[in-house]
file target08.pdb (PDB, C-alpha atoms)
MODEL        1
ATOM      1  CA  MET B   1     113.360  91.488  78.719
ATOM      2  CA  SER B   2     112.107  92.953  75.460
ATOM      3  CA  ASN B   3     111.434  96.652  74.898
ATOM      4  CA  GLY B   4     107.697  96.496  75.660
ATOM      5  CA  GLU B   5     107.998  94.404  78.826
ATOM      6  CA  GLN B   6     108.241  95.887  82.283
ATOM      7  CA  LYS B   7     109.564  94.139  85.332
ATOM      8  CA  ALA B   8     106.810  93.649  87.904
ATOM      9  CA  THR B   9     107.591  95.333  91.175
ATOM     10  CA  VAL B  10     106.596  93.728  94.434
ATOM     11  CA  PRO B  11     105.056  96.151  96.932
ATOM     12  CA  ARG B  12     106.808  96.668 100.268
ATOM     13  CA  SER B  13     103.925  98.447 101.974
ATOM     14  CA  ARG B  14     100.219  99.092 101.615
ATOM     15  CA  ALA B  15      98.201 101.940 103.068
ATOM     16  CA  LEU B  16      94.466 102.368 102.881
ATOM     17  CA  ILE B  17      93.440 105.977 103.504
ATOM     18  CA  GLN B  18      89.915 107.077 104.372
ATOM     19  CA  GLN B  19      88.813 110.630 105.055
ATOM     20  CA  CYS B  20      86.714 111.035 108.186
ATOM     21  CA  LEU B  21      84.698 113.555 110.140
ATOM     22  CA  SER B  22      85.772 111.833 113.371
ATOM     23  CA  ALA B  23      87.176 108.485 114.484
ATOM     24  CA  ARG B  24      87.681 106.631 117.776
ATOM     25  CA  LEU B  25      89.944 103.623 118.202
ATOM     26  CA  GLN B  26      90.075 101.355 121.237
ATOM     27  CA  THR B  27      93.745 100.713 121.952
ATOM     28  CA  GLN B  28      93.329  98.604 125.071
ATOM     29  CA  PRO B  29      90.302  96.504 126.065
ATOM     30  CA  PRO B  30      88.768  96.891 129.520
ATOM     31  CA  THR B  31      89.982  94.675 132.340
ATOM     32  CA  GLU B  32      88.690  94.047 135.841
ATOM     33  CA  ASP B  33      91.049  96.760 137.097
ATOM     34  CA  SER B  34      90.779  99.397 134.376
ATOM     35  CA  PRO B  35      88.417 100.739 131.729
ATOM     36  CA  ALA B  36      89.130 100.509 128.010
ATOM     37  CA  CYS B  37      91.573 103.056 126.532
ATOM     38  CA  PHE B  38      90.800 105.006 123.369
ATOM     39  CA  VAL B  39      92.393 107.519 121.012
ATOM     40  CA  GLU B  40      90.170 109.921 119.095
ATOM     41  CA  ILE B  41      90.535 112.360 116.232
ATOM     42  CA  LYS B  42      88.364 115.032 114.706
ATOM     43  CA  ARG B  43      88.197 115.707 110.980
ATOM     44  CA  GLY B  44      91.076 114.251 108.994
ATOM     45  CA  ILE B  45      92.142 110.836 107.742
ATOM     46  CA  VAL B  46      92.337 107.280 109.008
ATOM     47  CA  VAL B  47      95.385 105.427 107.689
ATOM     48  CA  TYR B  48      95.453 101.629 107.769
ATOM     49  CA  ILE B  49      99.072 100.508 107.257
ATOM     50  CA  CYS B  50     100.750  97.172 106.524
ATOM     51  CA  PHE B  51     104.401  96.430 105.866
ATOM     52  CA  LEU B  52     105.354  93.587 103.570
ATOM     53  CA  LYS B  53     108.574  91.634 103.195
ATOM     54  CA  GLU B  54     111.494  93.714 101.997
ATOM     55  CA  ALA B  55     110.082  96.829 103.735
ATOM     56  CA  ASP B  56     112.754  98.968 105.328
ATOM     57  CA  GLU B  57     113.286 102.453 106.761
ATOM     58  CA  ASP B  58     113.323 104.011 103.301
ATOM     59  CA  THR B  59     109.968 102.339 102.504
ATOM     60  CA  VAL B  60     108.480 103.801 105.685
ATOM     61  CA  LYS B  61     109.744 107.314 104.944
ATOM     62  CA  ARG B  62     108.463 107.187 101.367
ATOM     63  CA  ILE B  63     104.973 105.936 102.239
ATOM     64  CA  ALA B  64     104.639 108.395 105.147
ATOM     65  CA  LYS B  65     105.501 111.280 102.815
ATOM     66  CA  THR B  66     103.052 109.996 100.197
ATOM     67  CA  VAL B  67     100.219 109.530 102.696
ATOM     68  CA  MET B  68     100.669 112.954 104.236
ATOM     69  CA  GLN B  69     101.034 114.838 100.937
ATOM     70  CA  MET B  70      98.371 113.009  98.896
ATOM     71  CA  LYS B  71      95.429 115.295  98.062
ATOM     72  CA  LEU B  72      92.546 113.142  99.297
ATOM     73  CA  SER B  73      90.696 115.343 101.792
ATOM     74  CA  GLU B  74      87.785 117.453 100.626
ATOM     75  CA  GLU B  75      87.952 121.051 101.752
ATOM     76  CA  THR B  76      84.528 122.245 102.899
ATOM     77  CA  THR B  77      84.653 125.787 101.508
ATOM     78  CA  SER B  78      85.985 125.179  97.996
ATOM     79  CA  GLY B  79      85.253 121.481  97.480
ATOM     80  CA  LYS B  80      88.837 121.029  96.268
ATOM     81  CA  TYR B  81      90.908 118.098  97.414
ATOM     82  CA  VAL B  82      93.888 118.896  99.604
ATOM     83  CA  SER B  83      96.408 116.973 101.664
ATOM     84  CA  VAL B  84      95.659 116.348 105.335
ATOM     85  CA  MET B  85      98.380 118.891 106.107
ATOM     86  CA  ASP B  86      96.659 121.565 104.005
ATOM     87  CA  LEU B  87      93.315 120.617 105.523
ATOM     88  CA  ALA B  88      94.856 121.035 108.967
ATOM     89  CA  GLY B  89      93.255 117.741 109.910
ATOM     90  CA  ASP B  90      94.061 114.991 112.370
ATOM     91  CA  VAL B  91      95.510 111.583 111.484
ATOM     92  CA  LEU B  92      94.605 108.239 113.044
ATOM     93  CA  ILE B  93      96.998 105.409 112.177
ATOM     94  CA  VAL B  94      95.743 101.839 112.502
ATOM     95  CA  PRO B  95      98.084  98.860 112.089
ATOM     96  CA  GLN B  96      96.374  96.553 109.606
ATOM     97  CA  ALA B  97      98.259  93.325 108.855
ATOM     98  CA  THR B  98      95.303  92.002 106.877
ATOM     99  CA  LEU B  99      96.186  94.396 104.039
ATOM    100  CA  GLY B 100      99.062  92.014 103.318
ATOM    101  CA  GLY B 101      96.797  89.027 102.755
ATOM    102  CA  LYS B 102      96.475  86.991  99.574
ATOM    103  CA  SER B 103      93.675  84.579  98.906
ATOM    104  CA  LYS B 104      94.486  80.947  98.388
ATOM    105  CA  GLY B 105      91.335  79.082  97.597
ATOM    106  CA  LYS B 106      88.834  80.039 100.274
ATOM    107  CA  VAL B 107      91.341  81.235 102.880
ATOM    108  CA  MET B 108      93.601  84.243 103.308
ATOM    109  CA  GLN B 109      97.321  83.839 103.841
ATOM    110  CA  TYR B 110      99.710  86.422 105.222
ATOM    111  CA  HIS B 111     103.095  84.996 104.229
ATOM    112  CA  GLY B 112     104.029  88.266 102.492
ATOM    113  CA  ASN B 113     103.955  90.337 105.698
ATOM    114  CA  VAL B 114     107.100  91.316 107.588
ATOM    115  CA  ASP B 115     108.012  89.528 110.799
ATOM    116  CA  LYS B 116     106.014  90.905 113.771
ATOM    117  CA  SER B 117     109.039  92.377 115.539
ATOM    118  CA  VAL B 118     110.195  94.139 112.366
ATOM    119  CA  GLY B 119     106.628  95.267 111.698
ATOM    120  CA  ALA B 120     106.405  96.834 115.165
ATOM    121  CA  GLU B 121     109.611  98.808 114.541
ATOM    122  CA  LEU B 122     108.471  99.957 111.095
ATOM    123  CA  TYR B 123     105.049 100.913 112.478
ATOM    124  CA  ALA B 124     106.608 103.036 115.243
ATOM    125  CA  LEU B 125     108.793 104.771 112.642
ATOM    126  CA  PHE B 126     105.765 105.354 110.384
ATOM    127  CA  VAL B 127     103.870 107.034 113.235
ATOM    128  CA  LYS B 128     106.929 109.197 113.975
ATOM    129  CA  GLU B 129     107.354 110.163 110.299
ATOM    130  CA  CYS B 130     103.667 111.073 109.887
ATOM    131  CA  SER B 131     103.873 113.189 113.064
ATOM    132  CA  HIS B 132     106.929 114.950 111.650
ATOM    133  CA  TRP B 133     105.143 115.748 108.380
ATOM    134  CA  LEU B 134     102.016 117.010 110.141
ATOM    135  CA  GLN B 135     103.969 119.185 112.561
ATOM    136  CA  SER B 136     106.010 120.661 109.711
ATOM    137  CA  SER B 137     102.777 121.994 108.218
ATOM    138  CA  GLY B 138     102.053 125.563 109.243
ATOM    139  CA  LYS B 139      98.262 125.050 109.207
ATOM    140  CA  ALA B 140      98.363 121.858 111.238
ATOM    141  CA  LYS B 141     100.760 123.382 113.754
ATOM    142  CA  ALA B 142      98.577 126.485 114.172
ATOM    143  CA  ASN B 143      95.468 124.351 114.732
ATOM    144  CA  SER B 144      97.151 121.874 117.116
ATOM    145  CA  ASN B 145      96.355 118.933 114.870
ATOM    146  CA  GLU B 146      97.650 115.549 115.955
ATOM    147  CA  VAL B 147      98.649 112.109 114.843
ATOM    148  CA  LYS B 148      97.115 109.383 117.016
ATOM    149  CA  ALA B 149      98.001 105.720 116.666
ATOM    150  CA  GLY B 150      96.658 102.310 117.490
ATOM    151  CA  THR B 151      98.572  99.556 119.242
ATOM    152  CA  TYR B 152     100.620  97.297 116.976
ATOM    153  CA  GLY B 153      99.764  93.598 117.250
ATOM    154  CA  ASN B 154      96.458  94.007 119.124
ATOM    155  CA  ARG B 155      92.914  93.593 117.900
ATOM    156  CA  GLN B 156      91.227  96.994 118.133
ATOM    157  CA  VAL B 157      87.697  98.369 117.902
ATOM    158  CA  LEU B 158      87.208 101.291 115.499
ATOM    159  CA  ASN B 159      84.300 103.725 115.210
ATOM    160  CA  ILE B 160      84.428 106.114 112.283
ATOM    161  CA  GLU B 161      82.111 108.820 111.035
ATOM    162  CA  THR B 162      82.645 109.623 107.398
ATOM    163  CA  ASN B 163      80.904 111.735 104.798
ATOM    164  CA  GLY B 164      81.088 108.987 102.213
ATOM    165  CA  PRO B 165      82.995 105.810 101.510
ATOM    166  CA  PHE B 166      86.037 107.630 100.230
ATOM    167  CA  SER B 167      88.972 105.211 100.490
ATOM    168  CA  HIS B 168      92.215 104.942  98.536
ATOM    169  CA  LEU B 169      94.789 102.150  98.437
ATOM    170  CA  ILE B 170      98.436 103.100  98.041
ATOM    171  CA  GLU B 171     101.227 100.573  97.425
ATOM    172  CA  LEU B 172     104.927 101.330  97.477
TER
ENDMDL
END

call {"tool": "encode", "arguments": {"input": "target08.pdb", "output": "structure tokens"}}
result
Amino acid sequence: MSNGEQKATVPRSRALIQQCLSARLQTQPPTEDSPACFVEIKRGIVVYICFLKEADEDTVKRIAKTVMQMKLSEETTSGKYVSVMDLAGDVLIVPQATLGGKSKGKVMQYHGNVDKSVGAELYALFVKECSHWLQSSGKAKANSNEVKAGTYGNRQVLNIETNGPFSHLIEL
């Protein structure tokens, strides 16, 4: 490699973060015996997460820290952007394997995603890590803010109220 060239790094995870006023995610569809199950959050962020090949525990810890500390939420009083922890907001985590897709012609392929069983383990760890970060925040703890999560591997219905299409993609 010459001096001016940089080695391209392959991402191990992708997160799409969107601030919200509220969000509701169906985690289990209705059946003949039971109604649908939902998780809901108030003001905060919705995090769509996908783990790609080569993702490991360190990847999960790094992206959780980044997501929770990134200043992407608009504070109502000052208009400044703060982290979800400083906002004392809620977090809704949605597993989103489609973030790992690449187009090939007119179709999407997902060969770069981790195996489903590994993805489920990494997803569970990501939820745990985000919960840890939120609970370590004094503001979030005082306001009883929560991390809620969708069900890995299931199709889910999402309703979100937002004050603008304010989304950010993070790759690690």

call {"tool": "closest_residue", "arguments": {"input": "target08.pdb", "among": "B:Ile160, B:Arg155, B:Asn143, B:Leu125", "to": "Glu57 of chain B", "atoms": "all atoms listed in the file"}}
result
B:Leu125

call {"tool": "residues_around", "arguments": {"input": "target08.pdb", "residues": "Pro30 of chain B", "least_positions_apart": "6", "cutoff": "12 Å", "atoms": "all atoms listed in the file", "output": "ChimeraX atom specification"}}
result
/B:36-38,156-157

call {"tool": "closest_atom_pairs", "arguments": {"input": "target08.pdb", "of": "segment 37-102 of chain B", "to": "segment 112-120 of chain B", "cutoff": "8 Å", "atoms": "all atoms listed in the file", "output": "JSON lines"}}
result
{"residue": "B:Cys50", "atom": "CA", "partner": "B:Asn113", "partner_atom": "CA", "distance": 7.6}
{"residue": "B:Phe51", "atom": "CA", "partner": "B:Val114", "partner_atom": "CA", "distance": 6.0}
{"residue": "B:Leu52", "atom": "CA", "partner": "B:Asn113", "partner_atom": "CA", "distance": 4.1}
{"residue": "B:Lys53", "atom": "CA", "partner": "B:Val114", "partner_atom": "CA", "distance": 4.6}
{"residue": "B:Glu54", "atom": "CA", "partner": "B:Val114", "partner_atom": "CA", "distance": 7.5}
{"residue": "B:Ala55", "atom": "CA", "partner": "B:Val114", "partner_atom": "CA", "distance": 7.4}
{"residue": "B:Ala97", "atom": "CA", "partner": "B:Asn113", "partner_atom": "CA", "distance": 7.2}
{"residue": "B:Gly100", "atom": "CA", "partner": "B:Asn113", "partner_atom": "CA", "distance": 5.7}
{"residue": "B:Gly101", "atom": "CA", "partner": "B:Gly112", "partner_atom": "CA", "distance": 7.3}

call {"tool": "axis_aligned_box", "arguments": {"input": "target08.pdb", "around": "segment 55-64 of chain B", "padding_each_side": "5 Å", "output": "lines of an AutoDock Vina configuration file"}}
result
center_x = 109.0
center_y = 102.6
center_z = 104.1
size_x = 18.7
size_y = 21.6
size_z = 15.4

call {"tool": "resolve_selection", "arguments": {"input": "target08.pdb", "expression": "the PyMOL selection byres ((chain B and resi 130) around 8)", "output": "PDB file with C-alpha atoms, in the coordinates of the input"}}
result
ATOM      1  CA  ALA B  64     104.639 108.395 105.147  1.00  0.00           C
ATOM      2  CA  LYS B  65     105.501 111.280 102.815  1.00  0.00           C
ATOM      3  CA  MET B  68     100.669 112.954 104.236  1.00  0.00           C
ATOM      4  CA  PHE B 126     105.765 105.354 110.384  1.00  0.00           C
ATOM      5  CA  VAL B 127     103.870 107.034 113.235  1.00  0.00           C
ATOM      6  CA  LYS B 128     106.929 109.197 113.975  1.00  0.00           C
ATOM      7  CA  GLU B 129     107.354 110.163 110.299  1.00  0.00           C
ATOM      8  CA  SER B 131     103.873 113.189 113.064  1.00  0.00           C
ATOM      9  CA  HIS B 132     106.929 114.950 111.650  1.00  0.00           C
ATOM     10  CA  TRP B 133     105.143 115.748 108.380  1.00  0.00           C
ATOM     11  CA  LEU B 134     102.016 117.010 110.141  1.00  0.00           C
ATOM     12  CA  VAL B 147      98.649 112.109 114.843  1.00  0.00           C
TER      13      VAL B 147
END
